>>> print(open('query25.cif').read())   # mmCIF, C-alpha atoms
data_protein
loop_
_atom_site.label_atom_id
_atom_site.label_comp_id
_atom_site.auth_asym_id
_atom_site.auth_seq_id
_atom_site.Cartn_x
_atom_site.Cartn_y
_atom_site.Cartn_z
CA MET A 1 120.93 129.13 92.86
CA SER A 2 122.07 125.70 93.96
CA LEU A 3 121.40 124.40 97.45
CA GLN A 4 123.98 122.93 99.78
CA VAL A 5 122.73 119.66 101.20
CA GLY A 6 123.72 117.65 104.24
CA ILE A 7 122.96 113.93 104.42
CA ILE A 8 122.31 112.15 107.71
CA GLY A 9 122.10 108.42 107.14
CA CYS A 10 124.12 107.14 104.20
CA GLY A 11 122.44 103.85 103.41
CA LEU A 12 120.12 103.08 100.51
CA MET A 13 117.75 106.02 101.06
CA GLY A 14 120.53 108.54 101.68
CA ARG A 15 122.17 107.50 98.43
CA LYS A 16 118.88 107.65 96.49
CA ARG A 17 118.26 111.16 97.77
CA SER A 18 121.81 112.23 96.92
CA ALA A 19 121.43 110.91 93.37
CA ALA A 20 118.24 112.97 92.89
CA LEU A 21 119.66 116.39 93.82
CA GLY A 22 120.14 117.62 90.26
CA GLU A 23 121.94 120.97 90.30
CA ASP A 24 122.23 120.97 94.10
CA ARG A 25 125.21 119.39 95.83
CA VAL A 26 126.14 117.38 98.87
CA VAL A 27 128.40 119.36 101.21
CA GLY A 28 128.62 116.79 103.97
CA ALA A 29 127.42 113.40 105.11
CA TYR A 30 127.19 111.74 108.50
CA ASP A 31 126.45 108.14 109.46
CA LEU A 32 127.06 106.07 112.58
CA ARG A 33 129.13 103.88 110.25
CA PRO A 34 132.01 106.12 109.05
CA GLU A 35 132.60 103.92 106.02
CA ALA A 36 129.03 104.61 104.82
CA ALA A 37 129.57 108.38 104.93
CA GLU A 38 132.92 108.00 103.21
CA GLY A 39 131.36 105.89 100.47
CA LEU A 40 128.59 108.42 99.86
CA VAL A 41 130.89 111.44 99.55
CA ALA A 42 133.25 109.46 97.32
CA GLU A 43 130.38 109.22 94.87
CA PHE A 44 128.54 112.51 95.38
CA GLY A 45 131.16 114.86 96.86
CA GLY A 46 131.31 116.76 100.13
CA THR A 47 132.93 115.94 103.46
CA ALA A 48 132.50 112.77 105.49
CA CYS A 49 131.71 114.06 108.99
CA ALA A 50 132.56 112.26 112.21
CA THR A 51 129.67 113.79 114.17
CA LEU A 52 126.30 115.42 113.61
CA ASP A 53 127.65 118.71 114.97
CA GLU A 54 130.45 118.60 112.41
CA LEU A 55 127.90 118.22 109.63
CA LEU A 56 125.71 121.06 110.89
CA ALA A 57 128.80 123.30 111.23
CA LEU A 58 129.01 123.20 107.42
CA SER A 59 125.79 125.29 107.41
CA PRO A 60 123.85 123.26 104.83
CA ASP A 61 120.72 124.87 103.39
CA VAL A 62 118.85 121.57 103.62
CA VAL A 63 119.47 118.44 105.65
CA ILE A 64 118.09 115.10 104.49
CA VAL A 65 117.46 112.69 107.37
CA ALA A 66 117.48 109.07 106.21
CA THR A 67 118.25 107.22 109.44
CA SER A 68 116.52 104.47 111.40
CA HIS A 69 113.16 105.72 112.61
CA ASP A 70 114.24 106.32 116.22
CA GLN A 71 116.90 108.82 115.11
CA ILE A 72 114.80 110.86 112.67
CA ALA A 73 113.23 113.31 115.12
CA PRO A 74 116.39 114.08 117.16
CA CYS A 75 118.41 114.67 113.99
CA ALA A 76 115.67 116.71 112.32
CA VAL A 77 115.17 118.93 115.37
CA ALA A 78 118.94 119.55 115.63
CA ALA A 79 119.11 120.48 111.94
CA LEU A 80 116.13 122.84 112.19
CA GLN A 81 117.60 124.52 115.27
CA ALA A 82 120.84 124.98 113.33
CA GLY A 83 118.91 126.91 110.66
CA ALA A 84 118.50 124.26 107.96
CA HIS A 85 115.38 123.13 106.18
CA VAL A 86 114.80 119.39 106.47
CA LEU A 87 113.54 116.53 104.36
CA VAL A 88 112.90 113.55 106.61
CA GLU A 89 112.13 110.07 105.38
CA LYS A 90 108.79 108.62 106.35
CA PRO A 91 107.58 107.77 108.95
CA ALA A 92 109.11 111.00 110.36
CA GLY A 93 110.12 109.38 113.64
CA ILE A 94 108.31 107.06 115.98
CA GLY A 95 104.75 108.02 116.77
CA VAL A 96 102.67 111.16 116.89
CA ALA A 97 104.93 112.65 119.57
CA ASP A 98 107.96 112.68 117.24
CA VAL A 99 105.96 114.28 114.42
CA ASP A 100 104.83 117.00 116.81
CA ARG A 101 108.45 117.59 117.90
CA ILE A 102 109.52 118.15 114.30
CA ALA A 103 106.54 120.41 113.55
CA ALA A 104 107.21 122.56 116.63
CA ALA A 105 110.91 122.89 115.79
CA ALA A 106 110.13 123.85 112.17
CA GLN A 107 107.67 126.51 113.29
CA ALA A 108 110.07 127.92 115.88
CA ALA A 109 112.93 128.05 113.39
CA GLY A 110 110.84 129.37 110.51
CA ARG A 111 112.09 126.54 108.32
CA ILE A 112 110.42 123.96 106.08
CA ALA A 113 110.02 120.35 107.20
CA LYS A 114 109.14 118.00 104.33
CA VAL A 115 108.32 114.31 104.72
CA GLY A 116 109.58 111.87 102.11
CA PHE A 117 106.38 110.62 100.50
CA ASN A 118 107.89 109.95 97.08
CA HIS A 119 104.96 107.74 96.03
CA ARG A 120 102.93 110.92 95.51
CA PHE A 121 105.35 111.74 92.70
CA HIS A 122 105.14 108.52 90.71
CA PRO A 123 103.48 109.68 87.47
CA ALA A 124 100.86 106.93 87.36
CA ILE A 125 99.83 107.51 90.97
CA SER A 126 99.68 111.27 90.70
CA GLN A 127 97.68 111.07 87.44
CA ALA A 128 95.25 108.56 88.95
CA ILE A 129 94.60 110.67 92.03
CA GLU A 130 94.36 113.88 90.00
CA THR A 131 91.80 112.21 87.71
CA ALA A 132 89.79 110.85 90.64
CA ARG A 133 89.72 114.26 92.31
CA SER A 134 88.72 116.02 89.08
CA GLY A 135 85.19 114.62 89.16
CA ARG A 136 85.51 113.13 85.69
CA PHE A 137 84.01 109.87 86.94
CA GLY A 138 81.84 111.30 89.68
CA ASP A 139 82.32 110.66 93.38
CA VAL A 140 85.00 108.30 94.64
CA LEU A 141 83.29 105.22 96.10
CA PHE A 142 86.29 103.43 97.55
CA LEU A 143 90.04 102.92 97.36
CA ARG A 144 91.83 99.58 97.55
CA GLY A 145 95.60 99.33 98.01
CA ARG A 146 98.00 96.40 98.18
CA TYR A 147 101.73 96.64 98.75
CA GLY A 148 104.19 93.96 99.66
CA HIS A 149 107.57 92.29 99.43
CA GLY A 150 109.12 89.16 100.87
CA GLY A 151 112.08 90.42 102.86
CA ARG A 152 115.50 88.74 102.61
CA PRO A 153 117.58 86.30 104.64
CA GLY A 154 117.97 87.64 108.18
CA TYR A 155 115.21 90.22 107.78
CA ASP A 156 113.96 89.43 111.28
CA GLN A 157 117.34 90.54 112.68
CA GLU A 158 117.40 93.96 111.00
CA TRP A 159 116.54 97.21 112.77
CA ARG A 160 113.04 97.33 111.30
CA ALA A 161 112.21 94.19 113.31
CA ASP A 162 112.92 95.99 116.59
CA PRO A 163 110.06 98.25 117.78
CA LYS A 164 112.54 100.45 119.66
CA THR A 165 114.30 101.47 116.45
CA GLY A 166 111.54 101.02 113.88
CA GLY A 167 108.50 101.91 115.95
CA GLY A 168 106.55 99.08 114.35
CA GLY A 169 106.66 96.72 111.41
CA GLU A 170 105.11 96.70 107.97
CA MET A 171 102.58 99.36 108.92
CA THR A 172 105.36 101.93 109.45
CA ASP A 173 107.14 100.75 106.33
CA GLN A 174 104.97 100.29 103.25
CA GLY A 175 101.75 100.86 105.17
CA MET A 176 102.69 104.50 105.73
CA HIS A 177 102.76 105.08 101.96
CA LEU A 178 99.29 103.59 101.40
CA LEU A 179 97.82 105.49 104.35
CA ASP A 180 99.30 108.72 102.98
CA LEU A 181 97.83 108.09 99.52
CA SER A 182 94.42 107.38 101.06
CA HIS A 183 94.70 110.59 103.08
CA TRP A 184 95.73 112.54 99.98
CA LEU A 185 92.64 111.41 98.09
CA LEU A 186 89.98 110.86 100.76
CA GLY A 187 91.07 112.97 103.72
CA GLU A 188 91.09 111.85 107.34
CA LEU A 189 88.97 108.74 107.28
CA PRO A 190 88.73 107.12 110.73
CA LEU A 191 90.06 103.66 111.47
CA HIS A 192 87.14 101.27 111.19
CA SER A 193 89.08 98.09 111.97
CA ALA A 194 92.55 96.60 111.74
CA LEU A 195 93.91 93.05 111.63
CA LEU A 196 97.65 92.73 112.30
CA ARG A 197 99.59 89.49 112.22
CA THR A 198 103.15 88.19 112.43
CA SER A 199 102.60 85.40 109.95
CA PHE A 200 106.12 84.30 109.03
CA TRP A 201 109.02 86.30 110.41
CA ASP A 202 110.27 85.70 113.97
CA MET A 203 109.94 89.29 115.20
CA PRO A 204 107.94 91.29 117.77
CA VAL A 205 106.37 93.52 115.08
CA GLU A 206 103.74 92.77 112.47
CA ASP A 207 104.67 91.43 109.05
CA ASN A 208 101.09 91.76 107.73
CA ALA A 209 98.37 94.33 108.25
CA ALA A 210 94.87 94.68 106.80
CA ILE A 211 93.25 98.06 107.43
CA LEU A 212 89.69 99.20 106.84
CA LEU A 213 89.02 102.95 106.88
CA GLY A 214 85.59 104.55 106.86
CA VAL A 215 82.87 106.31 108.80
CA PRO A 216 80.58 103.76 110.53
CA GLY A 217 76.93 104.15 109.58
CA ASP A 218 77.53 106.61 106.71
CA HIS A 219 76.65 104.37 103.79
CA ARG A 220 77.36 106.99 101.13
CA ALA A 221 80.80 108.04 102.40
CA PRO A 222 83.99 106.83 100.69
CA TRP A 223 86.05 104.11 102.33
CA ALA A 224 89.37 102.32 101.87
CA THR A 225 90.87 98.87 102.33
CA LEU A 226 94.64 98.47 102.56
CA HIS A 227 96.79 95.36 102.85
CA VAL A 228 100.54 95.57 103.39
CA THR A 229 102.77 92.54 103.79
CA TRP A 230 106.33 91.34 104.23
CA THR A 231 105.25 87.89 103.01
CA GLU A 232 104.30 88.76 99.43
CA TRP A 233 107.37 86.87 98.07
CA THR A 234 107.01 88.47 94.65
CA ASN A 235 107.03 92.26 94.98
CA LEU A 236 103.65 93.90 94.42
CA PHE A 237 102.16 97.38 94.25
CA SER A 238 98.53 97.94 93.29
CA LEU A 239 96.29 100.95 93.86
CA GLU A 240 92.65 100.87 92.71
CA ILE A 241 90.28 103.83 92.86
CA THR A 242 86.64 103.06 92.07
CA CYS A 243 84.41 106.00 91.19
CA ARG A 244 80.73 106.20 90.30
CA THR A 245 81.29 105.88 86.53
CA GLY A 246 84.88 104.69 86.23
CA LYS A 247 87.85 102.97 87.76
CA LEU A 248 91.55 103.86 87.92
CA VAL A 249 94.16 101.15 88.53
CA VAL A 250 97.87 101.66 89.11
CA ASP A 251 100.13 98.62 88.90
CA GLY A 252 103.87 98.55 89.51
CA LEU A 253 106.45 101.03 90.79
CA GLN A 254 109.31 100.29 88.37
CA GLY A 255 112.31 98.19 89.36
CA SER A 256 111.53 94.94 91.16
CA TYR A 257 107.85 95.95 91.41
CA GLY A 258 107.46 95.85 87.66
CA PRO A 259 106.78 98.58 85.08
CA GLN A 260 104.32 101.21 86.13
CA LYS A 261 101.06 101.52 84.24
CA LEU A 262 97.73 103.25 84.72
CA SER A 263 94.55 101.57 83.51
CA ILE A 264 91.53 103.85 83.09
CA PHE A 265 88.16 102.12 82.81
CA THR A 266 85.18 104.23 81.70
CA MET A 267 81.76 102.79 82.53
CA ASP A 268 78.59 103.81 80.73
CA PRO A 269 76.07 104.26 83.59
CA VAL A 270 73.16 103.54 81.23
CA LYS A 271 74.42 100.52 79.31
CA MET A 272 76.70 99.26 82.09
CA GLY A 273 78.52 96.10 80.94
CA LYS A 274 82.19 95.95 80.01
CA PRO A 275 83.84 99.38 80.36
CA GLU A 276 86.06 101.06 77.81
CA ALA A 277 89.72 100.65 78.77
CA GLU A 278 92.72 102.91 78.25
CA ILE A 279 96.16 101.63 79.31
CA ILE A 280 98.94 104.15 79.87
CA ALA A 281 102.50 102.86 80.22
CA PHE A 282 105.19 104.98 81.86
CA ASP A 283 108.92 105.35 81.36
CA PRO A 284 110.86 102.61 83.17
CA VAL A 285 113.04 105.18 84.93
CA ASP A 286 111.85 106.03 88.47
CA VAL A 287 111.43 109.82 88.39
CA SER A 288 109.67 110.14 91.77
CA TRP A 289 112.81 111.03 93.73
CA GLY A 290 113.77 113.88 91.43
CA LEU A 291 110.23 115.24 91.24
CA GLU A 292 109.94 115.20 95.02
CA TRP A 293 113.23 117.05 95.36
CA ASP A 294 111.91 119.65 92.89
CA SER A 295 108.98 120.17 95.28
CA VAL A 296 111.43 120.77 98.13
CA ARG A 297 113.29 123.36 96.09
CA ALA A 298 110.04 125.07 95.10
CA ALA A 299 108.87 125.25 98.72
CA ILE A 300 112.17 126.77 99.83
CA ALA A 301 112.16 129.27 96.96
CA SER A 302 108.60 130.40 97.74
CA GLY A 303 109.01 130.33 101.49
CA ALA A 304 105.72 128.45 101.70
CA PRO A 305 105.48 125.73 104.35
CA VAL A 306 104.54 122.17 103.46
CA PRO A 307 102.02 121.50 106.24
CA GLU A 308 100.17 118.75 104.40
CA ASP A 309 103.14 116.39 104.75
CA LEU A 310 103.37 116.66 108.53
CA ALA A 311 99.58 116.64 108.84
CA SER A 312 99.39 113.47 106.76
CA VAL A 313 102.14 111.61 108.60
CA ARG A 314 100.61 112.62 111.93
CA TYR A 315 97.25 111.23 110.78
CA CYS A 316 98.97 108.03 109.64
CA TRP A 317 100.73 107.59 112.96
CA ASP A 318 97.51 108.18 114.88
CA LEU A 319 95.83 105.36 112.96
CA ILE A 320 98.84 103.08 113.36
CA GLU A 321 98.94 103.66 117.10
CA GLN A 322 95.25 102.78 117.31
CA ALA A 323 95.81 99.62 115.24
CA TYR A 324 98.73 98.51 117.42
CA ALA A 325 96.79 99.08 120.62
CA ALA A 326 93.81 97.11 119.30
CA ASN A 327 95.98 94.17 118.25
CA GLY A 328 98.32 93.92 121.25
CA TYR A 329 101.49 95.02 119.47
CA PRO A 330 104.15 97.28 121.04
CA THR A 331 103.25 100.96 121.00
CA PRO A 332 105.76 103.56 119.70
CA GLY A 333 107.06 104.04 123.26
CA GLY A 334 107.98 100.37 123.42
CA GLU A 335 105.21 99.47 125.87
CA THR A 336 102.44 96.95 125.31
#
>>> encode(input="query25.cif", output="C-alpha cells")
Amino acid sequence: MSLQVGIIGCGLMGRKRSAALGEDRVVGAYDLRPEAAEGLVAEFGGTACATLDELLALSPDVVIVATSHDQIAPCAVAALQAGAHVLVEKPAGIGVADVDRIAAAAQAAGRIAKVGFNHRFHPAISQAIETARSGRFGDVLFLRGRYGHGGRPGYDQEWRADPKTGGGGEMTDQGMHLLDLSHWLLGELPLHSALLRTSFWDMPVEDNAAILLGVPGDHRAPWATLHVTWTEWTNLFSLEITCRTGKLVVDGLQGSYGPQKLSIFTMDPVKMGKPEAEIIAFDPVDVSWGLEWDSVRAAIASGAPVPEDLASVRYCWDLIEQAYAANGYPTPGGET
C-alpha cells in the first residue's frame, strides 16, 4: 500500500525527500515561497498549497518537514495533531524544548516522529558501526570525526547564519550528524570540552567547532573527538573508529564529498606493526535517502515508534546548548 505524503519546505531537502519516496507519492506541498511549492509538484505531482492548513486538509499519511529550523517544531506538531506521521529534518527544531514538544505531540497523537539522520543509512557508515559494535576488533577505544565545507558567496546572509532561525551555526548543521553517529555507537557520552569559533564568516554563530566527549577520570572508557567546519574549502567527510585490535575508516559521502569507501585495518595484537588492510568501495549513487525512507515505511507498517531518533537529537541538543553556553554564543532562545 502506497503512502500519501505531504511536503512542508520545498527547497533542496524537500526535493531530495520527494525524490526518495519510491512507490509512495506526494499529495501536496507547502512553502512560504509559492513558486517553490509549485516547482516541487510540477516535478513530483500533488497540489501546491497556499497554507499549512490546506496541506493538512489533504489528510496525508506522512508529512515531511524540511523547513528552516525555527519552523520545524510548529509544523511537526500541527501535522501530528492532524493525524499524520512526521519525518522532520535534523536538528528537529531549535533546542531541547522543541524536541520535547514534538515527542509529546507524537505520543499524544499515537503517531511516529522520525528525525532525518540519513547519515546512518550510508552503506559505509552503517557497515563500519555495525562492525565496531560486533566485537570483531574488541572494545571501541575512541571515535574521531571530521566534517566540513566552505560555504558559498553570501553564506553569512543566509538563514543558517541567524540564531533565531537556525538556532546555531555549524554545530546544528553538520555537527548534529557527527554527534548522532557518536551517540549511535558510544551512547550518551558527556561533553568534556568544546571550542567554538567564528573564524571567517561575518555572522553571530560559530563556523567552527571542536568537541571532546568522554567521562572525566575513567581512563578505560571510550571517547570521541569531533571537528565540524564551514571553512574547510574542499568538502570533507571522515569517520574513524579505533578498536583494540583494528580500525575502521569511512571517507567520503558521494557527490562533492568524494566517493564513499570503507577501510578496514586488522592489527595483530602479538606482532603489532603494519595492519592488514581491506578497502571497500561503494556505488557512487547516494542511497541513504531511499534507505531512510524505507525505515519510515517499516516503522509505520509495524506501528513501532522510533524513540531512538528523538532521544538522540535531544542528547545532541543538550550537548550543543552546553557548548554554546560555555563559549558565549547565543542560546537556542536567542539570549546570550
>>> residues_around(input="query25.cif", residues="region 308-316 of chain A", least_positions_apart="5", cutoff="7 Å", atoms="only C-alpha atoms", output="count of residues only")
9
>>> atom_distance(input="query25.cif", atom1="CA of Glu240 (chain A)", atom2="CA of His177 (chain A)")
14.3 Å
>>> residues_around(input="query25.cif", residues="Ser182 (chain A)", least_positions_apart="6", cutoff="9 Å", atoms="only C-alpha atoms", output="VMD selection string")
chain A and resid 143 to 145 188 to 189 224
>>> resolve_selection(input="query25.cif", expression="the PyMOL selection byres ((chain A and resi 94) around 9)", output="ChimeraX atom specification")
/A:69-73,91-93,95-99,164-168,172,317,332-333
>>> resolve_selection(input="query25.cif", expression="the PyMOL selection byres ((chain A and resi 199) around 12)", output="list in words")
Gly150, Glu170, Leu195, Leu196, Arg197, Thr198, Phe200, Trp201, Asp202, Met203, Pro204, Val205, Glu206, Asp207, Asn208, Ala209, Thr229, Trp230, Thr231 and Glu232 of chain A
>>> resolve_selection(input="query25.cif", expression="the PyMOL selection byres ((chain A and resi 304) around 12)", output="ChimeraX atom specification")
/A:85,107,110-114,295-303,305-308
>>> atom_distance(input="query25.cif", atom1="CA of Lys271 (chain A)", atom2="CA of Cys243 (chain A)")
16.5 Å
>>> residues_around(input="query25.cif", residues="Ser18 (chain A)", least_positions_apart="3", cutoff="9 Å", atoms="only C-alpha atoms", output="CSV table (one decimal) with C-alpha atoms, in the coordinates of the input")
chain,number,residue,atom,x,y,z
A,5,VAL,CA,122.7,119.7,101.2
A,7,ILE,CA,123.0,113.9,104.4
A,13,MET,CA,117.8,106.0,101.1
A,14,GLY,CA,120.5,108.5,101.7
A,15,ARG,CA,122.2,107.5,98.4
A,21,LEU,CA,119.7,116.4,93.8
A,22,GLY,CA,120.1,117.6,90.3
A,25,ARG,CA,125.2,119.4,95.8
A,26,VAL,CA,126.1,117.4,98.9
A,40,LEU,CA,128.6,108.4,99.9
A,44,PHE,CA,128.5,112.5,95.4
A,64,ILE,CA,118.1,115.1,104.5
>>> atom_distance(input="query25.cif", atom1="CA of Val62 (chain A)", atom2="CA of Asp173 (chain A)")
24.0 Å
>>> closest_residue(input="query25.cif", among="A:Ser126, A:Asn235, A:Thr242, A:Ser134", to="Ile264 (chain A)", atoms="only C-alpha atoms")
A:Thr242
>>> residues_around(input="query25.cif", residues="Ala20 (chain A)", least_positions_apart="3", cutoff="7 Å", atoms="all atoms listed in the file", output="PyMOL selection string")
chain A and resi 16-17+289-290+293
>>> decode(input="query25.cif", residues="region 95-125 of chain A", atoms="N, CA and C atoms", output="compact mmCIF listing (two decimals), in the first residue's frame")
# COMPACT_ATOMS: atom_id res chain seq x y z
N GLY A 95 16.66 23.59 19.87
CA GLY A 95 16.86 23.29 21.27
C GLY A 95 16.08 22.10 21.80
N VAL A 96 16.42 21.72 23.01
CA VAL A 96 15.78 20.60 23.69
C VAL A 96 14.28 20.82 23.80
N ALA A 97 13.86 22.05 24.05
CA ALA A 97 12.44 22.34 24.25
C ALA A 97 11.62 21.97 23.01
N ASP A 98 12.13 22.25 21.81
CA ASP A 98 11.40 21.90 20.59
C ASP A 98 11.33 20.39 20.40
N VAL A 99 12.41 19.68 20.70
CA VAL A 99 12.39 18.22 20.60
C VAL A 99 11.33 17.65 21.53
N ASP A 100 11.26 18.18 22.74
CA ASP A 100 10.26 17.69 23.70
C ASP A 100 8.84 17.99 23.23
N ARG A 101 8.64 19.12 22.56
CA ARG A 101 7.31 19.45 22.01
C ARG A 101 6.89 18.41 20.98
N ILE A 102 7.81 18.05 20.10
CA ILE A 102 7.50 17.07 19.06
C ILE A 102 7.23 15.70 19.68
N ALA A 103 8.06 15.31 20.64
CA ALA A 103 7.88 13.99 21.29
C ALA A 103 6.53 13.91 22.00
N ALA A 104 6.15 14.97 22.70
CA ALA A 104 4.87 14.98 23.42
C ALA A 104 3.70 14.91 22.44
N ALA A 105 3.79 15.64 21.34
CA ALA A 105 2.71 15.62 20.35
C ALA A 105 2.59 14.26 19.69
N ALA A 106 3.73 13.60 19.41
CA ALA A 106 3.70 12.27 18.80
C ALA A 106 3.06 11.26 19.75
N GLN A 107 3.42 11.34 21.01
CA GLN A 107 2.86 10.41 21.99
C GLN A 107 1.35 10.63 22.14
N ALA A 108 0.94 11.89 22.22
CA ALA A 108 -0.48 12.19 22.38
C ALA A 108 -1.30 11.75 21.17
N ALA A 109 -0.72 11.87 19.98
CA ALA A 109 -1.43 11.52 18.76
C ALA A 109 -1.32 10.04 18.41
N GLY A 110 -0.39 9.33 19.07
CA GLY A 110 -0.16 7.94 18.72
C GLY A 110 0.42 7.78 17.34
N ARG A 111 1.28 8.72 16.95
CA ARG A 111 1.90 8.72 15.64
C ARG A 111 3.41 8.67 15.76
N ILE A 112 4.08 8.33 14.67
CA ILE A 112 5.53 8.19 14.64
C ILE A 112 6.17 9.52 14.28
N ALA A 113 7.19 9.90 15.01
CA ALA A 113 8.01 11.06 14.68
C ALA A 113 9.43 10.58 14.42
N LYS A 114 9.89 10.71 13.19
CA LYS A 114 11.22 10.27 12.78
C LYS A 114 12.06 11.49 12.47
N VAL A 115 13.32 11.45 12.89
CA VAL A 115 14.26 12.54 12.61
C VAL A 115 15.15 12.13 11.45
N GLY A 116 15.39 13.07 10.54
CA GLY A 116 16.18 12.79 9.34
C GLY A 116 17.66 12.70 9.61
N PHE A 117 18.11 11.53 10.02
CA PHE A 117 19.54 11.26 10.21
C PHE A 117 19.99 10.33 9.09
N ASN A 118 20.01 10.83 7.87
CA ASN A 118 20.29 9.95 6.73
C ASN A 118 21.71 9.40 6.74
N HIS A 119 22.62 10.03 7.50
CA HIS A 119 24.00 9.51 7.51
C HIS A 119 24.06 8.09 8.09
N ARG A 120 23.12 7.75 8.94
CA ARG A 120 23.07 6.38 9.47
C ARG A 120 22.88 5.35 8.36
N PHE A 121 22.36 5.81 7.22
CA PHE A 121 21.99 4.89 6.15
C PHE A 121 22.98 4.88 4.99
N HIS A 122 24.06 5.64 5.10
CA HIS A 122 25.13 5.49 4.12
C HIS A 122 25.77 4.12 4.35
N PRO A 123 25.90 3.31 3.30
CA PRO A 123 26.38 1.92 3.49
C PRO A 123 27.72 1.81 4.20
N ALA A 124 28.67 2.68 3.88
CA ALA A 124 29.98 2.58 4.52
C ALA A 124 29.89 2.89 6.01
N ILE A 125 29.09 3.90 6.36
CA ILE A 125 28.95 4.27 7.77
C ILE A 125 28.23 3.17 8.54
